[in-house]
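J.: Coordinates in upload37.txt, compact mmCIF, N, CA and C atoms, are listed below.
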```
# COMPACT_ATOMS: atom_id res chain seq x y z
N MET A 103 0.85 -1.16 0.00
CA MET A 103 0.00 0.00 0.00
C MET A 103 0.91 1.24 0.00
N THR A 104 0.62 2.15 -0.90
CA THR A 104 1.47 3.34 -1.00
C THR A 104 1.12 4.34 0.09
N ARG A 105 1.96 5.30 0.24
CA ARG A 105 1.77 6.34 1.25
C ARG A 105 0.48 7.13 0.99
N LEU A 106 0.18 7.38 -0.27
CA LEU A 106 -1.03 8.10 -0.63
C LEU A 106 -2.28 7.35 -0.18
N HIS A 107 -2.27 6.04 -0.38
CA HIS A 107 -3.42 5.23 0.06
C HIS A 107 -3.57 5.26 1.58
N GLN A 108 -2.46 5.16 2.28
CA GLN A 108 -2.52 5.20 3.74
C GLN A 108 -3.06 6.53 4.24
N VAL A 109 -2.55 7.62 3.70
CA VAL A 109 -3.00 8.94 4.13
C VAL A 109 -4.47 9.14 3.80
N SER A 110 -4.90 8.71 2.62
CA SER A 110 -6.31 8.89 2.25
C SER A 110 -7.24 8.02 3.11
N ILE A 111 -6.83 6.82 3.45
CA ILE A 111 -7.66 5.97 4.31
C ILE A 111 -7.76 6.55 5.71
N TYR A 112 -6.61 6.93 6.29
CA TYR A 112 -6.63 7.49 7.65
C TYR A 112 -7.38 8.80 7.71
N SER A 113 -7.19 9.65 6.72
CA SER A 113 -7.89 10.93 6.75
C SER A 113 -9.38 10.76 6.54
N SER A 114 -9.81 9.82 5.69
CA SER A 114 -11.25 9.59 5.51
C SER A 114 -11.87 9.02 6.77
N ILE A 115 -11.15 8.16 7.49
CA ILE A 115 -11.67 7.63 8.76
C ILE A 115 -11.81 8.75 9.79
N LEU A 116 -10.79 9.59 9.90
CA LEU A 116 -10.84 10.68 10.86
C LEU A 116 -11.92 11.70 10.51
N ILE A 117 -12.08 12.00 9.24
CA ILE A 117 -13.13 12.94 8.82
C ILE A 117 -14.51 12.35 9.09
N SER A 118 -14.67 11.06 8.85
CA SER A 118 -15.97 10.42 9.13
C SER A 118 -16.29 10.47 10.62
N ILE A 119 -15.32 10.18 11.46
CA ILE A 119 -15.54 10.24 12.91
C ILE A 119 -15.84 11.67 13.33
N TYR A 120 -15.12 12.64 12.78
CA TYR A 120 -15.37 14.04 13.11
C TYR A 120 -16.79 14.46 12.74
N ILE A 121 -17.24 14.08 11.57
CA ILE A 121 -18.60 14.45 11.14
C ILE A 121 -19.64 13.78 12.02
N LEU A 122 -19.42 12.51 12.38
CA LEU A 122 -20.37 11.82 13.26
C LEU A 122 -20.44 12.50 14.63
N VAL A 123 -19.31 12.93 15.15
CA VAL A 123 -19.29 13.60 16.44
C VAL A 123 -19.88 15.01 16.32
N LEU A 124 -19.60 15.69 15.23
CA LEU A 124 -20.09 17.04 15.03
C LEU A 124 -21.62 17.09 14.97
N PHE A 125 -22.22 16.13 14.30
CA PHE A 125 -23.69 16.09 14.20
C PHE A 125 -24.34 15.27 15.31
N GLU A 126 -23.57 14.97 16.35
CA GLU A 126 -24.03 14.29 17.56
C GLU A 126 -24.62 12.91 17.29
N ILE A 127 -24.16 12.26 16.28
CA ILE A 127 -24.57 10.88 16.01
C ILE A 127 -23.75 9.95 16.89
N LEU A 128 -22.50 10.31 17.08
CA LEU A 128 -21.59 9.56 17.94
C LEU A 128 -21.29 10.42 19.16
N PRO A 129 -21.74 10.02 20.35
CA PRO A 129 -21.52 10.87 21.53
C PRO A 129 -20.06 10.80 22.02
N ILE A 130 -19.66 11.88 22.66
CA ILE A 130 -18.32 11.94 23.24
C ILE A 130 -18.47 11.73 24.75
N PRO A 131 -17.86 10.69 25.29
CA PRO A 131 -17.99 10.47 26.73
C PRO A 131 -17.17 11.50 27.52
N LEU A 132 -17.64 11.83 28.68
CA LEU A 132 -16.98 12.71 29.64
C LEU A 132 -16.92 14.18 29.21
N ILE A 133 -17.62 14.55 28.15
CA ILE A 133 -17.65 15.95 27.71
C ILE A 133 -19.11 16.35 27.54
N ASP A 134 -19.45 17.50 28.11
CA ASP A 134 -20.81 18.00 28.02
C ASP A 134 -21.13 18.36 26.57
N ALA A 135 -22.37 18.18 26.16
CA ALA A 135 -22.78 18.43 24.77
C ALA A 135 -22.61 19.89 24.39
N SER A 136 -22.87 20.82 25.32
CA SER A 136 -22.73 22.24 24.99
C SER A 136 -21.26 22.61 24.77
N VAL A 137 -20.38 22.01 25.56
CA VAL A 137 -18.95 22.26 25.38
C VAL A 137 -18.49 21.68 24.05
N ALA A 138 -18.97 20.50 23.72
CA ALA A 138 -18.60 19.87 22.45
C ALA A 138 -19.08 20.71 21.27
N GLN A 139 -20.27 21.31 21.37
CA GLN A 139 -20.80 22.14 20.29
C GLN A 139 -20.02 23.44 20.13
N GLU A 140 -19.35 23.89 21.18
CA GLU A 140 -18.53 25.08 21.06
C GLU A 140 -17.14 24.77 20.51
N ILE A 141 -16.61 23.61 20.84
CA ILE A 141 -15.23 23.27 20.46
C ILE A 141 -15.15 22.61 19.08
N LEU A 142 -16.04 21.71 18.77
CA LEU A 142 -15.93 20.92 17.54
C LEU A 142 -15.93 21.74 16.25
N PRO A 143 -16.74 22.78 16.10
CA PRO A 143 -16.68 23.53 14.84
C PRO A 143 -15.34 24.26 14.61
N VAL A 144 -14.58 24.47 15.66
CA VAL A 144 -13.33 25.23 15.54
C VAL A 144 -12.14 24.32 15.24
N ILE A 145 -12.29 23.05 15.40
CA ILE A 145 -11.16 22.11 15.23
C ILE A 145 -10.53 22.18 13.83
N PRO A 146 -11.30 22.24 12.72
CA PRO A 146 -10.63 22.33 11.41
C PRO A 146 -9.77 23.59 11.26
N TRP A 147 -10.25 24.72 11.79
CA TRP A 147 -9.46 25.95 11.72
C TRP A 147 -8.21 25.84 12.58
N TRP A 148 -8.34 25.21 13.73
CA TRP A 148 -7.19 25.02 14.60
C TRP A 148 -6.14 24.15 13.89
N LEU A 149 -6.60 23.08 13.22
CA LEU A 149 -5.67 22.22 12.49
C LEU A 149 -5.00 22.97 11.34
N LEU A 150 -5.75 23.82 10.65
CA LEU A 150 -5.19 24.60 9.55
C LEU A 150 -4.14 25.58 10.05
N VAL A 151 -4.42 26.27 11.13
CA VAL A 151 -3.46 27.21 11.70
C VAL A 151 -2.23 26.46 12.22
N SER A 152 -2.43 25.31 12.83
CA SER A 152 -1.30 24.52 13.32
C SER A 152 -0.42 24.04 12.17
N PHE A 153 -1.04 23.59 11.10
CA PHE A 153 -0.27 23.15 9.93
C PHE A 153 0.49 24.31 9.32
N GLY A 154 -0.13 25.48 9.22
CA GLY A 154 0.56 26.65 8.69
C GLY A 154 1.72 27.06 9.56
N SER A 155 1.54 27.02 10.87
CA SER A 155 2.63 27.37 11.78
C SER A 155 3.79 26.39 11.65
N TYR A 156 3.46 25.11 11.58
CA TYR A 156 4.52 24.10 11.40
C TYR A 156 5.25 24.30 10.08
N SER A 157 4.50 24.61 9.01
CA SER A 157 5.13 24.81 7.71
C SER A 157 6.07 26.00 7.72
N LEU A 158 5.63 27.11 8.33
CA LEU A 158 6.50 28.28 8.43
C LEU A 158 7.73 28.00 9.27
N TRP A 159 7.55 27.28 10.38
CA TRP A 159 8.69 26.93 11.22
C TRP A 159 9.67 26.05 10.45
N SER A 160 9.14 25.07 9.73
CA SER A 160 9.99 24.16 8.97
C SER A 160 10.76 24.91 7.88
N LEU A 161 10.08 25.82 7.20
CA LEU A 161 10.73 26.61 6.16
C LEU A 161 11.80 27.52 6.76
N GLY A 162 11.47 28.17 7.86
CA GLY A 162 12.45 29.04 8.52
C GLY A 162 13.65 28.27 9.02
N TRP A 163 13.42 27.10 9.58
CA TRP A 163 14.53 26.28 10.07
C TRP A 163 15.42 25.84 8.91
N GLY A 164 14.80 25.51 7.78
CA GLY A 164 15.59 25.12 6.61
C GLY A 164 16.43 26.27 6.08
N VAL A 165 15.89 27.48 6.09
CA VAL A 165 16.66 28.64 5.65
C VAL A 165 17.77 28.95 6.65
N LEU A 166 17.48 28.82 7.93
CA LEU A 166 18.47 29.11 8.96
C LEU A 166 19.65 28.15 8.92
N THR A 167 19.38 26.89 8.65
CA THR A 167 20.44 25.88 8.66
C THR A 167 20.99 25.57 7.28
N PHE A 168 20.61 26.37 6.28
CA PHE A 168 21.09 26.15 4.91
C PHE A 168 22.59 26.40 4.85
N ARG A 169 23.31 25.45 4.33
CA ARG A 169 24.76 25.57 4.23
C ARG A 169 25.14 26.11 2.86
N ASP A 170 26.11 27.00 2.86
CA ASP A 170 26.62 27.54 1.61
C ASP A 170 27.54 26.50 0.98
N CYS A 171 27.38 26.25 -0.29
CA CYS A 171 28.15 25.20 -0.97
C CYS A 171 28.92 25.82 -2.13
N PRO A 172 30.10 26.37 -1.89
CA PRO A 172 30.85 26.99 -2.99
C PRO A 172 31.28 25.97 -4.05
N GLU A 173 31.55 24.74 -3.66
CA GLU A 173 31.94 23.73 -4.65
C GLU A 173 30.80 23.46 -5.63
N ALA A 174 29.60 23.33 -5.10
CA ALA A 174 28.44 23.08 -5.95
C ALA A 174 28.17 24.28 -6.86
N TYR A 175 28.40 25.48 -6.35
CA TYR A 175 28.22 26.69 -7.15
C TYR A 175 29.16 26.69 -8.35
N HIS A 176 30.43 26.39 -8.12
CA HIS A 176 31.41 26.38 -9.21
C HIS A 176 31.13 25.23 -10.18
N GLU A 177 30.70 24.10 -9.65
CA GLU A 177 30.36 22.97 -10.52
C GLU A 177 29.17 23.31 -11.41
N LEU A 178 28.17 23.99 -10.84
CA LEU A 178 27.01 24.40 -11.62
C LEU A 178 27.39 25.40 -12.70
N LEU A 179 28.25 26.37 -12.37
CA LEU A 179 28.71 27.32 -13.38
C LEU A 179 29.47 26.63 -14.50
N GLN A 180 30.26 25.63 -14.17
CA GLN A 180 31.01 24.88 -15.18
C GLN A 180 30.04 24.12 -16.10
N GLU A 181 29.01 23.51 -15.53
CA GLU A 181 28.04 22.79 -16.35
C GLU A 181 27.26 23.75 -17.24
N ILE A 182 26.95 24.94 -16.75
CA ILE A 182 26.25 25.94 -17.57
C ILE A 182 27.12 26.36 -18.74
N ASN A 183 28.41 26.60 -18.48
CA ASN A 183 29.33 26.98 -19.56
C ASN A 183 29.48 25.86 -20.58
N GLU A 184 29.53 24.61 -20.11
CA GLU A 184 29.61 23.48 -21.04
C GLU A 184 28.36 23.41 -21.91
N ALA A 185 27.20 23.63 -21.31
CA ALA A 185 25.95 23.59 -22.08
C ALA A 185 25.91 24.72 -23.10
N LYS A 186 26.37 25.92 -22.70
CA LYS A 186 26.40 27.05 -23.64
C LYS A 186 27.35 26.76 -24.80
N ASN A 187 28.52 26.21 -24.49
CA ASN A 187 29.48 25.88 -25.56
C ASN A 187 28.92 24.82 -26.49
N ASP A 188 28.22 23.84 -25.95
CA ASP A 188 27.61 22.81 -26.77
C ASP A 188 26.55 23.40 -27.69
N LEU A 189 25.73 24.31 -27.15
CA LEU A 189 24.71 24.95 -27.98
C LEU A 189 25.34 25.84 -29.06
N ARG A 190 26.41 26.55 -28.70
CA ARG A 190 27.09 27.39 -29.68
C ARG A 190 27.69 26.54 -30.83
N SER A 191 28.21 25.36 -30.47
CA SER A 191 28.77 24.48 -31.51
C SER A 191 27.69 23.94 -32.43
N ARG A 192 26.45 23.94 -31.99
CA ARG A 192 25.33 23.47 -32.81
C ARG A 192 24.66 24.63 -33.55
N GLY A 193 25.17 25.84 -33.37
CA GLY A 193 24.66 26.98 -34.12
C GLY A 193 23.54 27.74 -33.43
N VAL A 194 23.36 27.53 -32.14
CA VAL A 194 22.32 28.23 -31.39
C VAL A 194 22.96 29.45 -30.73
N THR A 195 22.31 30.61 -30.86
CA THR A 195 22.85 31.80 -30.20
C THR A 195 22.45 31.80 -28.74
N VAL A 196 23.45 31.98 -27.89
CA VAL A 196 23.24 31.96 -26.44
C VAL A 196 23.74 33.29 -25.88
N ASP A 197 23.07 33.82 -24.90
CA ASP A 197 23.40 35.06 -24.17
C ASP A 197 22.49 36.12 -24.58
```
Represent the structure contained in this file as structure tokens.

T.:
Amino acid sequence: MTRLHQVSIYSSILISIYILVLFEILPIPLIDASVAQEILPVIPWWLLVSFGSYSLWSLGWGVLTFRDCPEAYHELLQEINEAKNDLRSRGVTVD
């Protein structure tokens, strides 16, 4: 089973349970119904904000820990020059 299938199965199960609890078809033990009606509609927004916060943190951490690679820079410039020379030898104008 691929990762996509696993994620889609788990998310469909969780969404089904959430909808059943939201429409009070499936009761929540140890939580008052009025409290559940105040909290349950906000859960998707809370998950969206949490995911956005995690994504920004992950992106910021990646930028903060990004290492400068001068060898890769020079290698890339060399490959670009080789590609330009190859195109020039085939009669293509470059630059």

J.: Could you work out how far CA of Gly154 (chain A) lies from atom N of Leu106 (chain A), giving the answer in Å with one decimal?

T.: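 Between atom N of Leu106 (chain A) and CA of Gly154 (chain A) the gap works out to 21.3 Å.
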
J.: Which residues are near Ile119 (chain A)? Cut-off 12 Å, only C-alpha atoms, ignore same chain within fewer than 6 positions. Put them as a list in words.

T.: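 Listing them by chain and then by number gives Tyr112, Ser113, Phe125, Glu126, Ile127, Leu128, Pro129, Ile130 and Leu142 of chain A.
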
J.: Keeping only N, CA and C atoms, write those residues as a CSV table (one decimal), in the frame of the given file.

T.:
```csv
chain,number,residue,atom,x,y,z
A,112,TYR,N,-6.6,6.9,6.3
A,112,TYR,CA,-6.6,7.5,7.6
A,112,TYR,C,-7.4,8.8,7.7
A,113,SER,N,-7.2,9.6,6.7
A,113,SER,CA,-7.9,10.9,6.8
A,113,SER,C,-9.4,10.8,6.5
A,125,PHE,N,-22.2,16.1,14.3
A,125,PHE,CA,-23.7,16.1,14.2
A,125,PHE,C,-24.3,15.3,15.3
A,126,GLU,N,-23.6,15.0,16.4
A,126,GLU,CA,-24.0,14.3,17.6
A,126,GLU,C,-24.6,12.9,17.3
A,127,ILE,N,-24.2,12.3,16.3
A,127,ILE,CA,-24.6,10.9,16.0
A,127,ILE,C,-23.8,10.0,16.9
A,128,LEU,N,-22.5,10.3,17.1
A,128,LEU,CA,-21.6,9.6,17.9
A,128,LEU,C,-21.3,10.4,19.2
A,129,PRO,N,-21.7,10.0,20.4
A,129,PRO,CA,-21.5,10.9,21.5
A,129,PRO,C,-20.1,10.8,22.0
A,130,ILE,N,-19.7,11.9,22.7
A,130,ILE,CA,-18.3,11.9,23.2
A,130,ILE,C,-18.5,11.7,24.8
A,142,LEU,N,-16.0,21.7,18.8
A,142,LEU,CA,-15.9,20.9,17.5
A,142,LEU,C,-15.9,21.7,16.2
```

J.: Distance atom C of Thr167 (chain A)-atom N of Leu150 (chain A), one decimal place?

T.: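 About the pair atom C of Thr167 (chain A) and atom N of Leu150 (chain A): they are 27.0 Å apart.
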
J.: Just to confirm, what's the straight-line distance from atom C of Val165 (chain A) to atom C of Glu177 (chain A) in Å (one decimal)?

T.: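 Atom C of Glu177 (chain A) lies 22.1 Å from atom C of Val165 (chain A).
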
J.: Supply region 184-195 of chain A as a PDB file, keeping the file's coordinate frame, with all heavy atoms built in where the input has gaps.

T.:
```
ATOM      1  N   GLU A 184      29.530  24.610 -20.110  1.00  0.00           N
ATOM      2  CA  GLU A 184      29.610  23.480 -21.040  1.00  0.00           C
ATOM      3  C   GLU A 184      28.360  23.410 -21.910  1.00  0.00           C
ATOM      4  O   GLU A 184      28.447  23.157 -23.117  1.00  0.00           O
ATOM      5  CB  GLU A 184      29.794  22.182 -20.270  1.00  0.00           C
ATOM      6  CG  GLU A 184      31.159  22.007 -19.644  1.00  0.00           C
ATOM      7  CD  GLU A 184      31.244  20.749 -18.786  1.00  0.00           C
ATOM      8  OE1 GLU A 184      30.260  19.977 -18.738  1.00  0.00           O
ATOM      9  OE2 GLU A 184      32.292  20.550 -18.151  1.00  0.00           O
ATOM     10  N   ALA A 185      27.200  23.630 -21.310  1.00  0.00           N
ATOM     11  CA  ALA A 185      25.950  23.590 -22.080  1.00  0.00           C
ATOM     12  C   ALA A 185      25.910  24.720 -23.100  1.00  0.00           C
ATOM     13  O   ALA A 185      25.480  24.526 -24.242  1.00  0.00           O
ATOM     14  CB  ALA A 185      24.762  23.674 -21.135  1.00  0.00           C
ATOM     15  N   LYS A 186      26.370  25.920 -22.700  1.00  0.00           N
ATOM     16  CA  LYS A 186      26.400  27.050 -23.640  1.00  0.00           C
ATOM     17  C   LYS A 186      27.350  26.760 -24.800  1.00  0.00           C
ATOM     18  O   LYS A 186      27.025  27.035 -25.964  1.00  0.00           O
ATOM     19  CB  LYS A 186      26.843  28.320 -22.915  1.00  0.00           C
ATOM     20  CG  LYS A 186      25.769  28.945 -22.071  1.00  0.00           C
ATOM     21  CD  LYS A 186      26.286  30.239 -21.448  1.00  0.00           C
ATOM     22  CE  LYS A 186      25.240  30.899 -20.595  1.00  0.00           C
ATOM     23  NZ  LYS A 186      25.738  32.155 -19.988  1.00  0.00           N
ATOM     24  N   ASN A 187      28.520  26.210 -24.490  1.00  0.00           N
ATOM     25  CA  ASN A 187      29.480  25.880 -25.560  1.00  0.00           C
ATOM     26  C   ASN A 187      28.920  24.820 -26.490  1.00  0.00           C
ATOM     27  O   ASN A 187      29.120  24.885 -27.705  1.00  0.00           O
ATOM     28  CB  ASN A 187      30.809  25.431 -24.957  1.00  0.00           C
ATOM     29  CG  ASN A 187      31.530  26.571 -24.268  1.00  0.00           C
ATOM     30  OD1 ASN A 187      31.313  27.735 -24.586  1.00  0.00           O
ATOM     31  ND2 ASN A 187      32.378  26.235 -23.301  1.00  0.00           N
ATOM     32  N   ASP A 188      28.220  23.840 -25.950  1.00  0.00           N
ATOM     33  CA  ASP A 188      27.610  22.810 -26.770  1.00  0.00           C
ATOM     34  C   ASP A 188      26.550  23.400 -27.690  1.00  0.00           C
ATOM     35  O   ASP A 188      26.472  23.060 -28.872  1.00  0.00           O
ATOM     36  CB  ASP A 188      26.996  21.724 -25.881  1.00  0.00           C
ATOM     37  CG  ASP A 188      26.415  20.582 -26.678  1.00  0.00           C
ATOM     38  OD1 ASP A 188      27.110  20.074 -27.589  1.00  0.00           O
ATOM     39  OD2 ASP A 188      25.252  20.201 -26.413  1.00  0.00           O
ATOM     40  N   LEU A 189      25.730  24.310 -27.150  1.00  0.00           N
ATOM     41  CA  LEU A 189      24.710  24.950 -27.980  1.00  0.00           C
ATOM     42  C   LEU A 189      25.340  25.840 -29.060  1.00  0.00           C
ATOM     43  O   LEU A 189      24.846  25.900 -30.190  1.00  0.00           O
ATOM     44  CB  LEU A 189      23.754  25.764 -27.109  1.00  0.00           C
ATOM     45  CG  LEU A 189      22.808  24.945 -26.227  1.00  0.00           C
ATOM     46  CD1 LEU A 189      22.043  25.849 -25.290  1.00  0.00           C
ATOM     47  CD2 LEU A 189      21.844  24.155 -27.093  1.00  0.00           C
ATOM     48  N   ARG A 190      26.410  26.550 -28.700  1.00  0.00           N
ATOM     49  CA  ARG A 190      27.090  27.390 -29.680  1.00  0.00           C
ATOM     50  C   ARG A 190      27.690  26.540 -30.830  1.00  0.00           C
ATOM     51  O   ARG A 190      27.659  26.943 -31.991  1.00  0.00           O
ATOM     52  CB  ARG A 190      28.203  28.198 -29.030  1.00  0.00           C
ATOM     53  CG  ARG A 190      27.695  29.345 -28.220  1.00  0.00           C
ATOM     54  CD  ARG A 190      28.825  30.207 -27.669  1.00  0.00           C
ATOM     55  NE  ARG A 190      28.302  31.163 -26.726  1.00  0.00           N
ATOM     56  CZ  ARG A 190      28.646  31.251 -25.452  1.00  0.00           C
ATOM     57  NH1 ARG A 190      29.567  30.429 -24.964  1.00  0.00           N
ATOM     58  NH2 ARG A 190      28.100  32.150 -24.662  1.00  0.00           N
ATOM     59  N   SER A 191      28.210  25.360 -30.470  1.00  0.00           N
ATOM     60  CA  SER A 191      28.770  24.480 -31.510  1.00  0.00           C
ATOM     61  C   SER A 191      27.690  23.940 -32.430  1.00  0.00           C
ATOM     62  O   SER A 191      27.974  23.599 -33.573  1.00  0.00           O
ATOM     63  CB  SER A 191      29.539  23.331 -30.870  1.00  0.00           C
ATOM     64  OG  SER A 191      28.641  22.437 -30.214  1.00  0.00           O
ATOM     65  N   ARG A 192      26.450  23.940 -31.990  1.00  0.00           N
ATOM     66  CA  ARG A 192      25.330  23.470 -32.810  1.00  0.00           C
ATOM     67  C   ARG A 192      24.660  24.630 -33.550  1.00  0.00           C
ATOM     68  O   ARG A 192      23.663  24.426 -34.239  1.00  0.00           O
ATOM     69  CB  ARG A 192      24.319  22.740 -31.964  1.00  0.00           C
ATOM     70  CG  ARG A 192      24.868  21.471 -31.365  1.00  0.00           C
ATOM     71  CD  ARG A 192      23.874  20.777 -30.509  1.00  0.00           C
ATOM     72  NE  ARG A 192      24.502  19.654 -29.842  1.00  0.00           N
ATOM     73  CZ  ARG A 192      23.851  18.598 -29.399  1.00  0.00           C
ATOM     74  NH1 ARG A 192      22.563  18.533 -29.557  1.00  0.00           N
ATOM     75  NH2 ARG A 192      24.520  17.635 -28.821  1.00  0.00           N
ATOM     76  N   GLY A 193      25.170  25.840 -33.370  1.00  0.00           N
ATOM     77  CA  GLY A 193      24.660  26.980 -34.120  1.00  0.00           C
ATOM     78  C   GLY A 193      23.540  27.740 -33.430  1.00  0.00           C
ATOM     79  O   GLY A 193      22.854  28.541 -34.061  1.00  0.00           O
ATOM     80  N   VAL A 194      23.360  27.530 -32.140  1.00  0.00           N
ATOM     81  CA  VAL A 194      22.320  28.230 -31.390  1.00  0.00           C
ATOM     82  C   VAL A 194      22.960  29.450 -30.730  1.00  0.00           C
ATOM     83  O   VAL A 194      24.024  29.339 -30.122  1.00  0.00           O
ATOM     84  CB  VAL A 194      21.688  27.324 -30.320  1.00  0.00           C
ATOM     85  CG1 VAL A 194      20.649  28.066 -29.507  1.00  0.00           C
ATOM     86  CG2 VAL A 194      21.074  26.099 -30.963  1.00  0.00           C
ATOM     87  N   THR A 195      22.310  30.610 -30.860  1.00  0.00           N
ATOM     88  CA  THR A 195      22.850  31.800 -30.200  1.00  0.00           C
ATOM     89  C   THR A 195      22.450  31.800 -28.740  1.00  0.00           C
ATOM     90  O   THR A 195      21.294  31.613 -28.380  1.00  0.00           O
ATOM     91  CB  THR A 195      22.320  33.085 -30.867  1.00  0.00           C
ATOM     92  OG1 THR A 195      20.912  33.077 -30.836  1.00  0.00           O
ATOM     93  CG2 THR A 195      22.796  33.184 -32.293  1.00  0.00           C
TER      94      THR A 195
END
```
